[in-house]
file entry-v5.cif (mmCIF, C-alpha atoms)
data_run
#
loop_
_atom_site.label_atom_id
_atom_site.label_comp_id
_atom_site.auth_asym_id
_atom_site.auth_seq_id
_atom_site.Cartn_x
_atom_site.Cartn_y
_atom_site.Cartn_z
CA MET A 299 86.84 143.69 37.35
CA LYS A 300 85.31 145.79 34.58
CA PHE A 301 81.70 146.84 35.16
CA THR A 302 78.97 147.70 32.66
CA PHE A 303 75.69 148.95 34.09
CA THR A 304 72.36 149.00 32.24
CA GLU A 305 69.10 150.45 33.50
CA LYS A 306 65.64 149.53 32.26
CA ARG A 307 62.54 151.49 33.28
CA MET A 308 64.45 153.15 36.13
CA ALA A 309 67.43 155.34 36.98
CA SER A 310 69.98 153.97 39.43
CA SER A 311 71.84 156.10 41.95
CA GLU A 312 75.61 156.38 42.31
CA ASP A 313 75.22 154.75 45.73
CA LEU A 314 73.52 151.70 44.20
CA ARG A 315 76.20 151.33 41.52
CA ALA A 316 78.97 151.70 44.13
CA TYR A 317 77.25 149.09 46.32
CA ALA A 318 76.98 146.65 43.39
CA MET A 319 80.63 147.22 42.45
CA LYS A 320 81.71 146.52 46.03
CA LYS A 321 79.63 143.33 46.37
CA ILE A 322 80.34 141.91 42.91
CA GLY A 323 83.99 142.99 43.13
CA LYS A 324 84.47 140.51 45.98
CA LEU A 325 84.01 137.71 43.43
CA ASP A 326 87.04 139.00 41.50
CA LYS A 327 89.36 137.07 43.84
CA LEU A 328 88.01 133.82 42.35
CA PHE A 329 89.20 134.53 38.81
CA LYS A 330 92.71 134.31 37.33
CA ASN A 331 92.24 137.19 34.89
CA GLU A 332 90.24 140.38 35.09
CA ALA A 333 86.60 139.45 34.61
CA ASP A 334 83.83 141.53 33.03
CA ALA A 335 80.64 142.15 35.02
CA TYR A 336 77.40 143.19 33.30
CA VAL A 337 74.75 144.43 35.72
CA THR A 338 71.20 145.33 34.70
CA PHE A 339 68.84 147.12 37.07
CA SER A 340 65.13 147.19 36.26
CA ILE A 341 61.68 147.33 37.79
CA GLU A 342 59.08 144.65 37.03
CA ARG A 343 55.58 144.92 38.51
CA GLY A 344 56.76 147.15 41.32
CA ARG A 345 59.64 144.85 42.30
CA PHE A 346 63.36 145.38 41.75
CA LEU A 347 65.27 143.08 39.41
CA ALA A 348 69.07 142.80 39.40
CA GLU A 349 70.58 140.70 36.62
CA ILE A 350 74.28 139.95 37.06
CA THR A 351 76.42 138.29 34.39
CA ILE A 352 80.14 137.71 34.85
CA ARG A 353 82.31 136.76 31.89
CA ASP A 354 85.70 135.23 32.60
CA ASN A 355 87.93 133.35 30.20
CA GLY A 356 85.04 132.29 27.94
CA MET A 357 82.83 131.15 30.83
CA PHE A 358 79.65 132.95 31.86
CA TYR A 359 78.10 133.05 35.32
CA ARG A 360 74.60 134.51 35.51
CA ALA A 361 72.06 135.27 38.23
CA SER A 362 68.79 137.18 38.18
CA GLU A 363 67.08 138.18 41.42
CA LEU A 364 63.72 139.90 41.95
CA THR A 365 63.00 141.38 45.42
CA ASN A 366 61.33 144.37 47.06
CA ASP A 367 64.71 146.13 47.51
CA MET A 368 67.37 146.61 44.83
CA TYR A 369 70.19 146.23 47.37
CA ALA A 370 68.74 142.87 48.44
CA SER A 371 68.49 141.85 44.77
CA VAL A 372 72.21 142.59 44.31
CA ASP A 373 73.09 140.62 47.47
CA SER A 374 70.98 137.64 46.36
CA GLY A 375 72.48 137.72 42.85
CA VAL A 376 76.05 137.69 44.17
CA ALA A 377 75.19 134.83 46.55
CA ALA A 378 73.61 132.87 43.67
CA ILE A 379 76.75 133.22 41.52
CA GLU A 380 78.92 132.14 44.46
CA ARG A 381 76.68 129.07 44.91
CA GLN A 382 77.01 128.23 41.20
CA ILE A 383 80.78 128.40 41.40
CA ARG A 384 81.02 126.41 44.65
CA ARG A 385 78.51 123.79 43.42
CA ASN A 386 80.62 123.22 40.31
CA LYS A 387 84.02 123.80 41.96
CA THR A 388 85.59 120.53 40.82
CA ARG A 389 84.66 121.16 37.20
CA LEU A 390 85.64 124.85 37.36
CA SER A 391 88.88 124.38 39.30
CA LYS A 392 91.09 124.46 36.19
CA ARG A 393 89.48 127.74 35.01
CA LEU A 394 89.52 129.63 38.30
CA ARG A 395 92.42 131.10 40.25
CA GLU A 396 94.48 128.61 42.29
CA GLY A 397 93.02 128.27 45.80
CA ALA A 398 89.88 130.26 44.98
CA LEU A 399 87.53 127.61 46.32
CA GLU A 400 89.42 126.37 49.36
CA ARG A 401 87.14 128.11 51.88
CA GLU A 402 83.88 127.26 52.00
CA ALA A 403 64.51 131.98 36.40
CA ILE A 404 61.92 129.98 34.84
CA PRO A 405 61.48 130.67 31.17
CA VAL A 406 57.94 131.56 30.17
CA TYR A 407 56.56 129.65 27.19
CA ALA A 408 53.69 131.15 25.28
CA PRO A 409 52.41 128.78 22.58
CA ALA A 410 52.01 130.38 19.19
CA ASP A 411 48.57 130.75 17.69
CA GLU A 412 48.05 127.62 15.59
CA ALA A 413 46.38 129.61 12.81
CA GLU A 414 49.45 131.82 12.47
CA GLU A 415 51.54 130.64 9.52
CA GLU A 416 54.23 133.29 9.58
CA PHE A 417 57.39 132.53 11.57
CA LYS A 418 58.59 135.76 13.09
CA ILE A 419 62.14 136.00 14.49
CA VAL A 420 61.93 138.41 17.43
CA ARG A 421 65.54 138.21 18.59
CA SER A 422 68.83 137.27 17.02
CA LYS A 423 72.19 136.66 18.69
CA ARG A 424 75.70 136.20 17.37
CA PHE A 425 78.43 134.52 19.36
CA SER A 426 81.64 132.61 18.82
CA ILE A 427 81.41 128.85 19.23
CA LYS A 428 84.27 127.45 21.26
CA PRO A 429 85.63 123.91 21.22
CA MET A 430 84.84 122.03 24.44
CA SER A 431 83.79 118.65 25.74
CA PRO A 432 80.09 117.79 26.15
CA GLU A 433 80.53 117.82 29.94
CA GLU A 434 81.96 121.34 29.82
CA ALA A 435 79.07 122.42 27.55
CA ILE A 436 76.54 121.02 30.07
CA LEU A 437 78.29 122.93 32.85
CA GLN A 438 78.21 126.14 30.79
CA MET A 439 74.51 125.60 29.94
CA ASN A 440 73.66 125.13 33.63
CA LEU A 441 75.67 128.19 34.66
CA LEU A 442 73.76 130.29 32.13
CA GLY A 443 70.41 128.76 33.10
CA HIS A 444 69.62 127.80 29.50
CA GLU A 445 67.72 124.78 28.19
CA PHE A 446 70.29 124.05 25.45
CA PHE A 447 73.84 125.01 24.48
CA VAL A 448 75.60 125.00 21.09
CA PHE A 449 79.33 124.19 20.98
CA LYS A 450 82.16 122.64 18.94
CA ASN A 451 82.56 119.09 20.21
CA MET A 452 86.26 118.37 20.87
CA ASP A 453 85.40 114.66 21.14
CA SER A 454 84.01 114.62 17.55
CA ASP A 455 86.61 116.57 15.55
CA ASP A 456 85.07 119.97 16.43
CA ALA A 457 81.67 119.02 15.00
CA ILE A 458 78.92 121.53 15.79
CA SER A 459 76.87 119.95 18.58
CA VAL A 460 74.03 120.80 20.95
CA VAL A 461 73.47 119.64 24.53
CA TYR A 462 70.01 120.03 26.04
CA LYS A 463 68.03 119.23 29.20
CA ARG A 464 65.57 116.36 28.76
CA HIS A 465 62.08 116.63 30.27
CA GLN A 466 62.46 113.11 31.68
CA GLY A 467 65.72 114.12 33.40
CA GLY A 468 69.30 113.93 32.26
CA TYR A 469 70.81 115.53 29.18
CA GLY A 470 70.79 114.95 25.45
CA LEU A 471 73.52 115.47 22.84
CA ILE A 472 72.91 116.25 19.16
CA CYS A 473 75.89 116.00 16.80
CA ASP A 474 76.01 116.92 13.12
CA ASP A 475 78.25 113.99 12.21
CA GLY A 476 75.96 111.12 13.27
CA ALA A 477 78.10 110.11 16.26
CA ASP A 478 76.38 107.91 18.85
CA ASP A 479 77.71 109.80 21.88
#

call {"tool": "encode", "arguments": {"input": "entry-v5.cif", "output": "structure tokens"}}
result
Amino acid sequence: MKFTFTEKRMASSEDLRAYAMKKIGKLDKLFKNEADAYVTFSIERGRFLAEITIRDNGMFYRASELTNDMYASVDSGVAAIERQIRRNKTRLSKRLREGALEREAIPVYAPADEAEEEFKIVRSKRFSIKPMSPEEAILQMNLLGHEFFVFKNMDSDDAISVVYKRHQGGYGLICDDGADD
């Protein structure tokens, strides 16, 4: 597994990085190919935040844990990613290594000032959009912990589509070709 460490508002020790590599490295046995792990250490309001993202074969697994001890945050993050994988094991079985599963953050919404007329883009992202089924897009959205996910819909001739979580429960699908999926 390839590791990339980022530190925000703190400096991490070699011991902490080695500990994270050891704990997160244990997840490597679940993946067919070498996965990439992105680990961010930071301090928020006197508490330690460990954000772990693992990228494998176009799939992302993400966990963010905030505790009073950075080592505990790493442990909780690894456990959360393991739970994500095990919870979705039937859907992920074709993407993970054979036999890998045989043994057993709330976004903050700040409403904009109604008098403000200027729309200000504060962050921009670029990413490749991969063809997948709506079910696979919902799985990917849930693994990332997002409210929506943009993808090329294999069921609609690779039309750009969006799946999203509905407030009333369930999921919604928006297609650019007017399909009634």

call {"tool": "closest_residue", "arguments": {"input": "entry-v5.cif", "among": "A:Cys473, A:Ile436, A:Ile352, A:Val376", "to": "Asp455 in chain A", "atoms": "only C-alpha atoms"}}
result
A:Cys473

call {"tool": "residues_around", "arguments": {"input": "entry-v5.cif", "residues": "Ala335 in chain A", "least_positions_apart": "4", "cutoff": "6 Å", "atoms": "all atoms listed in the file", "output": "MDAnalysis selection string"}}
result
chainID A and resid 300:301 351:352

call {"tool": "resolve_selection", "arguments": {"input": "entry-v5.cif", "expression": "the PyMOL selection byres ((chain A and resi 421-429) around 7)", "output": "NGL selection string"}}
result
:A and (419-420 or 430 or 449-452 or 456)

call {"tool": "atom_distance", "arguments": {"input": "entry-v5.cif", "atom1": "CA of Gly467 in chain A", "atom2": "CA of Ile379 in chain A"}}
result
23.5 Å

call {"tool": "residues_around", "arguments": {"input": "entry-v5.cif", "residues": "Asp354 in chain A", "least_positions_apart": "4", "cutoff": "12 Å", "atoms": "all atoms listed in the file", "output": "mmCIF file with C-alpha atoms, in the coordinates of the input"}}
result
data_model
loop_
_atom_site.group_PDB
_atom_site.id
_atom_site.type_symbol
_atom_site.label_atom_id
_atom_site.label_comp_id
_atom_site.auth_asym_id
_atom_site.auth_seq_id
_atom_site.Cartn_x
_atom_site.Cartn_y
_atom_site.Cartn_z
ATOM 1 C CA MET A 299 86.840 143.690 37.350
ATOM 2 C CA LYS A 300 85.310 145.790 34.580
ATOM 3 C CA LEU A 325 84.010 137.710 43.430
ATOM 4 C CA ASP A 326 87.040 139.000 41.500
ATOM 5 C CA LYS A 327 89.360 137.070 43.840
ATOM 6 C CA LEU A 328 88.010 133.820 42.350
ATOM 7 C CA PHE A 329 89.200 134.530 38.810
ATOM 8 C CA LYS A 330 92.710 134.310 37.330
ATOM 9 C CA ASN A 331 92.240 137.190 34.890
ATOM 10 C CA GLU A 332 90.240 140.380 35.090
ATOM 11 C CA ALA A 333 86.600 139.450 34.610
ATOM 12 C CA ASP A 334 83.830 141.530 33.030
ATOM 13 C CA ALA A 335 80.640 142.150 35.020
ATOM 14 C CA TYR A 336 77.400 143.190 33.300
ATOM 15 C CA PHE A 358 79.650 132.950 31.860
ATOM 16 C CA TYR A 359 78.100 133.050 35.320
ATOM 17 C CA ARG A 360 74.600 134.510 35.510
ATOM 18 C CA LEU A 390 85.640 124.850 37.360
ATOM 19 C CA ARG A 393 89.480 127.740 35.010
ATOM 20 C CA LEU A 394 89.520 129.630 38.300
ATOM 21 C CA ARG A 395 92.420 131.100 40.250
ATOM 22 C CA GLN A 438 78.210 126.140 30.790
#

call {"tool": "closest_residue", "arguments": {"input": "entry-v5.cif", "among": "A:Met439, A:Met357, A:Met368, A:Ala457", "to": "Asp313 in chain A", "atoms": "only C-alpha atoms"}}
result
A:Met368

call {"tool": "atom_distance", "arguments": {"input": "entry-v5.cif", "atom1": "CA of Val372 in chain A", "atom2": "CA of His444 in chain A"}}
result
21.1 Å

call {"tool": "residues_around", "arguments": {"input": "entry-v5.cif", "residues": "Glu342 in chain A", "least_positions_apart": "2", "cutoff": "10 Å", "atoms": "only C-alpha atoms", "output": "JSON, numbers by chain"}}
result
{"A": [306, 307, 340, 344, 345, 346, 347, 364, 365]}

call {"tool": "closest_residue", "arguments": {"input": "entry-v5.cif", "among": "A:Ala435, A:Ala348, A:Met319, A:Val337", "to": "Ala370 in chain A", "atoms": "only C-alpha atoms"}}
result
A:Ala348
